[in-house]
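Enquirer: Dumping the structure here so I can ask a few things about it.
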Amino acid sequence: MIRWKNDTEIDALRAAADLVSRTLGEVARHVRPGATTRELDRVAESFIRQHGGRPAFKGYGSARNPFPATLCTSVNDVVVHGIPGDEPLGDGDLVSVDCGVIVDGFFGDSAFTFAVGEIDDDRARLCRVTYESLLRGIEACRSGNRLGDIGSAVQEHCEQAGFGVVRDLVGHGIGRELHEEPSVPNFGRRGHGRRIREGLAICIEPMVNLGEPDVTTDRDGWTVRTAGGSVSAHYEHMVVLGTNGPEVLTTFGHVEAVLDALPYTVPAT
Ligand code: MG
Ligand code: MG
């Protein structure tokens, strides 16, 4: 069942989205060759707690194998759900940083793929196209459209560029739960799937591989990698469907303010 959001709930989501966006901006200050993902994780956790929130991912999942950290840090061929560790980031790496927070009972969730130092042209193009596909998906989030319109917008943009859109993981509704209905696939058929309307609050999060779309999960039960070993990129925004169309609750503005160079081109507004 989709929990359609009223204005009060959307305001609460806005506050959570603001904190998660500012946290990614804080993390951005620390992404550089030689930094470890564990350091990034510590930065994020203290920032979230200092600003009245709680990490949403820490302890998430089954009691037997809860996620152990505040951030998912996914380097190169890791698609998502990478566990922060002590391996230093290297020049030319891609690291996707996915962050979740809880503020006053509502969840915030956003992800950004950072270029570490100088990345090669293939990786730069992968980041740009993945980011653009997120914008295409957001644009398709309109009353009367269907979920397949969002998915197909993302998919077509990435596949035209020759990249593989991951099928095994999808976007989701968000609210008082981190993952609510509906599932928001990054693939689909125009005009198919569930109809959407005002009050929808979702995370759109294309996960896109330089090569084939297939993925595997490590024995740690979390780390999802490309099956073919190619690198992968991931950007995620929280989007609410309002009277005037899609409103993006999260922003990469805090990240963009910190980085010397972006892994994508910011579209003119
Ligand atoms: Mg996320
Ligand atoms: Mg998400």
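All residue names refer to the structure tokens as shown: chains lettered A, B, ... in order, residues numbered from 1 in each chain, ligands numbered from 1 in order.
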Based on the backbone DSSP call, show me all residues of range 18-212 of chain A assigned strand (DSSP E), as a ChimeraX atom specification.

Expert: /A:54-55,71-75,78-80,94-103,106-115,164-165,171-173,180-184,201-204,207-209

Enquirer: Once you have the residues from the selection above, write them out as a compact mmCIF listing (two decimals), in the first residue's frame, restricted to N, CA and C atoms.

Expert:
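Contents of again14.txt, as written:
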# COMPACT_ATOMS: atom_id res chain seq x y z
N ARG A 54 19.57 10.85 13.54
CA ARG A 54 20.19 9.55 13.82
C ARG A 54 20.50 8.88 12.48
N PRO A 55 21.60 8.11 12.42
CA PRO A 55 21.89 7.36 11.19
C PRO A 55 20.80 6.31 10.96
N LEU A 71 27.15 5.04 6.63
CA LEU A 71 27.16 5.21 5.18
C LEU A 71 27.31 3.87 4.49
N CYS A 72 26.75 3.77 3.30
CA CYS A 72 27.16 2.74 2.37
C CYS A 72 28.19 3.40 1.47
N THR A 73 29.40 2.84 1.44
CA THR A 73 30.47 3.40 0.61
C THR A 73 30.86 2.35 -0.42
N SER A 74 30.59 2.63 -1.68
CA SER A 74 30.70 1.62 -2.72
C SER A 74 31.74 2.06 -3.74
N VAL A 75 32.89 1.40 -3.71
CA VAL A 75 34.05 1.81 -4.51
C VAL A 75 34.13 1.01 -5.80
N VAL A 78 31.90 -1.99 -6.82
CA VAL A 78 30.80 -2.15 -5.87
C VAL A 78 29.68 -1.20 -6.29
N VAL A 79 28.49 -1.77 -6.44
CA VAL A 79 27.34 -1.00 -6.94
C VAL A 79 26.72 -0.21 -5.79
N VAL A 80 26.33 -0.92 -4.74
CA VAL A 80 25.73 -0.32 -3.55
C VAL A 80 26.02 -1.18 -2.32
N LEU A 94 36.08 5.66 -8.18
CA LEU A 94 34.73 6.20 -7.99
C LEU A 94 34.24 5.67 -6.66
N VAL A 95 33.68 6.55 -5.83
CA VAL A 95 33.06 6.05 -4.59
C VAL A 95 31.65 6.62 -4.48
N SER A 96 30.68 5.72 -4.47
CA SER A 96 29.31 6.16 -4.22
C SER A 96 29.08 6.16 -2.72
N VAL A 97 28.59 7.29 -2.22
CA VAL A 97 28.30 7.43 -0.80
C VAL A 97 26.79 7.58 -0.65
N ASP A 98 26.20 6.60 0.01
CA ASP A 98 24.75 6.58 0.22
C ASP A 98 24.51 6.81 1.71
N CYS A 99 23.65 7.77 2.03
CA CYS A 99 23.45 8.15 3.43
C CYS A 99 21.96 8.15 3.77
N GLY A 100 21.65 7.64 4.95
CA GLY A 100 20.27 7.68 5.43
C GLY A 100 20.22 8.28 6.83
N VAL A 101 19.21 9.09 7.09
CA VAL A 101 19.04 9.71 8.41
C VAL A 101 17.59 9.57 8.86
N ILE A 102 17.42 9.71 10.17
CA ILE A 102 16.07 9.80 10.74
C ILE A 102 15.99 11.11 11.52
N VAL A 103 15.01 11.93 11.18
CA VAL A 103 14.78 13.19 11.89
C VAL A 103 13.31 13.22 12.30
N PHE A 106 11.01 10.69 10.68
CA PHE A 106 10.95 10.58 9.22
C PHE A 106 12.35 10.36 8.64
N PHE A 107 12.37 9.64 7.52
CA PHE A 107 13.64 9.23 6.92
C PHE A 107 14.08 10.17 5.80
N GLY A 108 15.41 10.34 5.72
CA GLY A 108 16.04 11.00 4.58
C GLY A 108 17.02 10.02 3.96
N ASP A 109 17.18 10.05 2.64
CA ASP A 109 17.99 9.05 1.94
C ASP A 109 18.48 9.67 0.64
N SER A 110 19.81 9.73 0.47
CA SER A 110 20.36 10.32 -0.75
C SER A 110 21.74 9.74 -1.00
N ALA A 111 22.14 9.70 -2.26
CA ALA A 111 23.45 9.15 -2.62
C ALA A 111 24.11 9.99 -3.70
N PHE A 112 25.45 10.05 -3.63
CA PHE A 112 26.25 10.80 -4.60
C PHE A 112 27.49 9.99 -4.92
N THR A 113 27.83 9.91 -6.20
CA THR A 113 29.07 9.22 -6.59
C THR A 113 30.16 10.25 -6.80
N PHE A 114 31.23 10.13 -6.02
CA PHE A 114 32.36 11.06 -6.06
C PHE A 114 33.48 10.50 -6.94
N ALA A 115 34.12 11.40 -7.65
CA ALA A 115 35.38 11.07 -8.32
C ALA A 115 36.50 11.32 -7.31
N GLY A 164 24.82 -0.42 -18.55
CA GLY A 164 23.91 -1.44 -18.04
C GLY A 164 23.17 -0.94 -16.80
N VAL A 165 21.83 -0.94 -16.88
CA VAL A 165 21.02 -0.49 -15.75
C VAL A 165 20.74 -1.69 -14.83
N GLY A 171 14.63 1.89 -6.61
CA GLY A 171 14.22 2.97 -5.72
C GLY A 171 12.97 2.57 -4.96
N HIS A 172 12.44 3.50 -4.16
CA HIS A 172 11.40 3.13 -3.18
C HIS A 172 10.66 4.34 -2.66
N GLY A 173 9.47 4.09 -2.11
CA GLY A 173 8.79 5.11 -1.35
C GLY A 173 9.54 5.39 -0.06
N GLU A 180 9.40 2.21 1.71
CA GLU A 180 7.96 2.02 1.63
C GLU A 180 7.61 1.63 0.19
N GLU A 181 6.37 1.26 0.00
CA GLU A 181 5.88 1.11 -1.36
C GLU A 181 5.70 2.50 -1.96
N PRO A 182 5.80 2.64 -3.25
CA PRO A 182 6.05 1.59 -4.24
C PRO A 182 7.54 1.35 -4.47
N SER A 183 7.87 0.20 -5.08
CA SER A 183 9.20 0.03 -5.64
C SER A 183 9.30 0.91 -6.88
N VAL A 184 10.47 1.52 -7.06
CA VAL A 184 10.67 2.43 -8.19
C VAL A 184 11.83 1.91 -9.04
N ALA A 201 5.84 10.23 -2.29
CA ALA A 201 7.20 10.57 -1.87
C ALA A 201 8.08 9.36 -2.15
N ILE A 202 9.06 9.55 -3.05
CA ILE A 202 9.89 8.41 -3.45
C ILE A 202 11.36 8.80 -3.53
N CYS A 203 12.19 7.77 -3.49
CA CYS A 203 13.61 7.91 -3.80
C CYS A 203 13.83 7.33 -5.18
N ILE A 204 14.36 8.16 -6.08
CA ILE A 204 14.75 7.68 -7.40
C ILE A 204 16.27 7.52 -7.36
N MET A 207 21.18 2.96 -10.52
CA MET A 207 22.46 2.27 -10.30
C MET A 207 22.89 1.75 -11.66
N VAL A 208 23.99 2.26 -12.17
CA VAL A 208 24.31 2.06 -13.58
C VAL A 208 25.76 1.58 -13.72
N ASN A 209 25.92 0.49 -14.50
CA ASN A 209 27.23 -0.12 -14.67
C ASN A 209 27.85 0.27 -16.02

Enquirer: Write out, as a Markdown table, each residue of range 197-261 of chain A that has an atom at most 12 Å from range 11-32 of chain A, together with the closest pair of atoms and their distance in Å to one decimal, counting only C-alpha atoms, rows going by chain and rising number.

Expert:
| residue | atom | partner | partner_atom | distance |
| --- | --- | --- | --- | --- |
| A:Gly199 | CA | A:Leu13 | CA | 11.8 |
| A:Leu200 | CA | A:Leu13 | CA | 11.7 |
| A:Ala201 | CA | A:Leu13 | CA | 8.7 |
| A:Ile202 | CA | A:Leu13 | CA | 10.5 |
| A:Cys203 | CA | A:Ala17 | CA | 10.7 |
| A:Tyr235 | CA | A:Leu24 | CA | 11.7 |
| A:Glu236 | CA | A:Ser21 | CA | 10.6 |
| A:His237 | CA | A:Ala17 | CA | 8.8 |
| A:Met238 | CA | A:Ala17 | CA | 7.1 |
| A:Val239 | CA | A:Ala17 | CA | 9.6 |
| A:Val240 | CA | A:Leu13 | CA | 9.2 |
| A:Glu247 | CA | A:Arg14 | CA | 10.2 |
| A:Val248 | CA | A:Ala17 | CA | 9.2 |
| A:Leu249 | CA | A:Arg14 | CA | 5.7 |
| A:Thr250 | CA | A:Ala17 | CA | 4.9 |
| A:Thr251 | CA | A:Ser21 | CA | 5.7 |
| A:Phe252 | CA | A:Ser21 | CA | 6.5 |
| A:Gly253 | CA | A:Gly25 | CA | 7.8 |
| A:His254 | CA | A:Gly25 | CA | 4.5 |
| A:Val255 | CA | A:Gly25 | CA | 4.1 |
| A:Glu256 | CA | A:Gly25 | CA | 7.8 |
| A:Ala257 | CA | A:Gly25 | CA | 7.9 |
| A:Val258 | CA | A:Arg29 | CA | 6.2 |
| A:Leu259 | CA | A:Ala28 | CA | 7.0 |
| A:Asp260 | CA | A:Arg29 | CA | 10.4 |
| A:Ala261 | CA | A:Ala28 | CA | 11.6 |

Enquirer: Considering only C-alpha atoms and all ligand atoms, state which residue in the set A:Pro88, A:Gly175, A:Pro33, A:Gly105 is at the smallest distance from ligand 2.

Expert: A:Gly175

Enquirer: Quick one: pull the distance between CA of Ala35 in chain A and CA of Gly92 in chain A, Å, one decimal.

Expert: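 These atoms are spaced 13.0 Å apart.
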
Enquirer: Would you compute the distance between CA of Phe67 in chain A and CA of His179 in chain A? Give it in Å to one decimal.

Expert: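 Taking CA of Phe67 in chain A as the start and CA of His179 in chain A as the end point, the length is 14.8 Å.
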
Enquirer: Record the distance separating CA of Arg195 in chain A and CA of Cys141 in chain A, expressed in Å with one decimal.

Expert: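 Atom-to-atom, CA of Arg195 in chain A to CA of Cys141 in chain A, that is 10.2 Å.
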
Enquirer: Counting only C-alpha atoms, which of A:Asp77, A:Asp91, A:Glu39, A:Glu45 gets nearest to Gly229 in chain A?

Expert: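 Checking each candidate against Gly229 in chain A, we get A:Asp77 as the closest.
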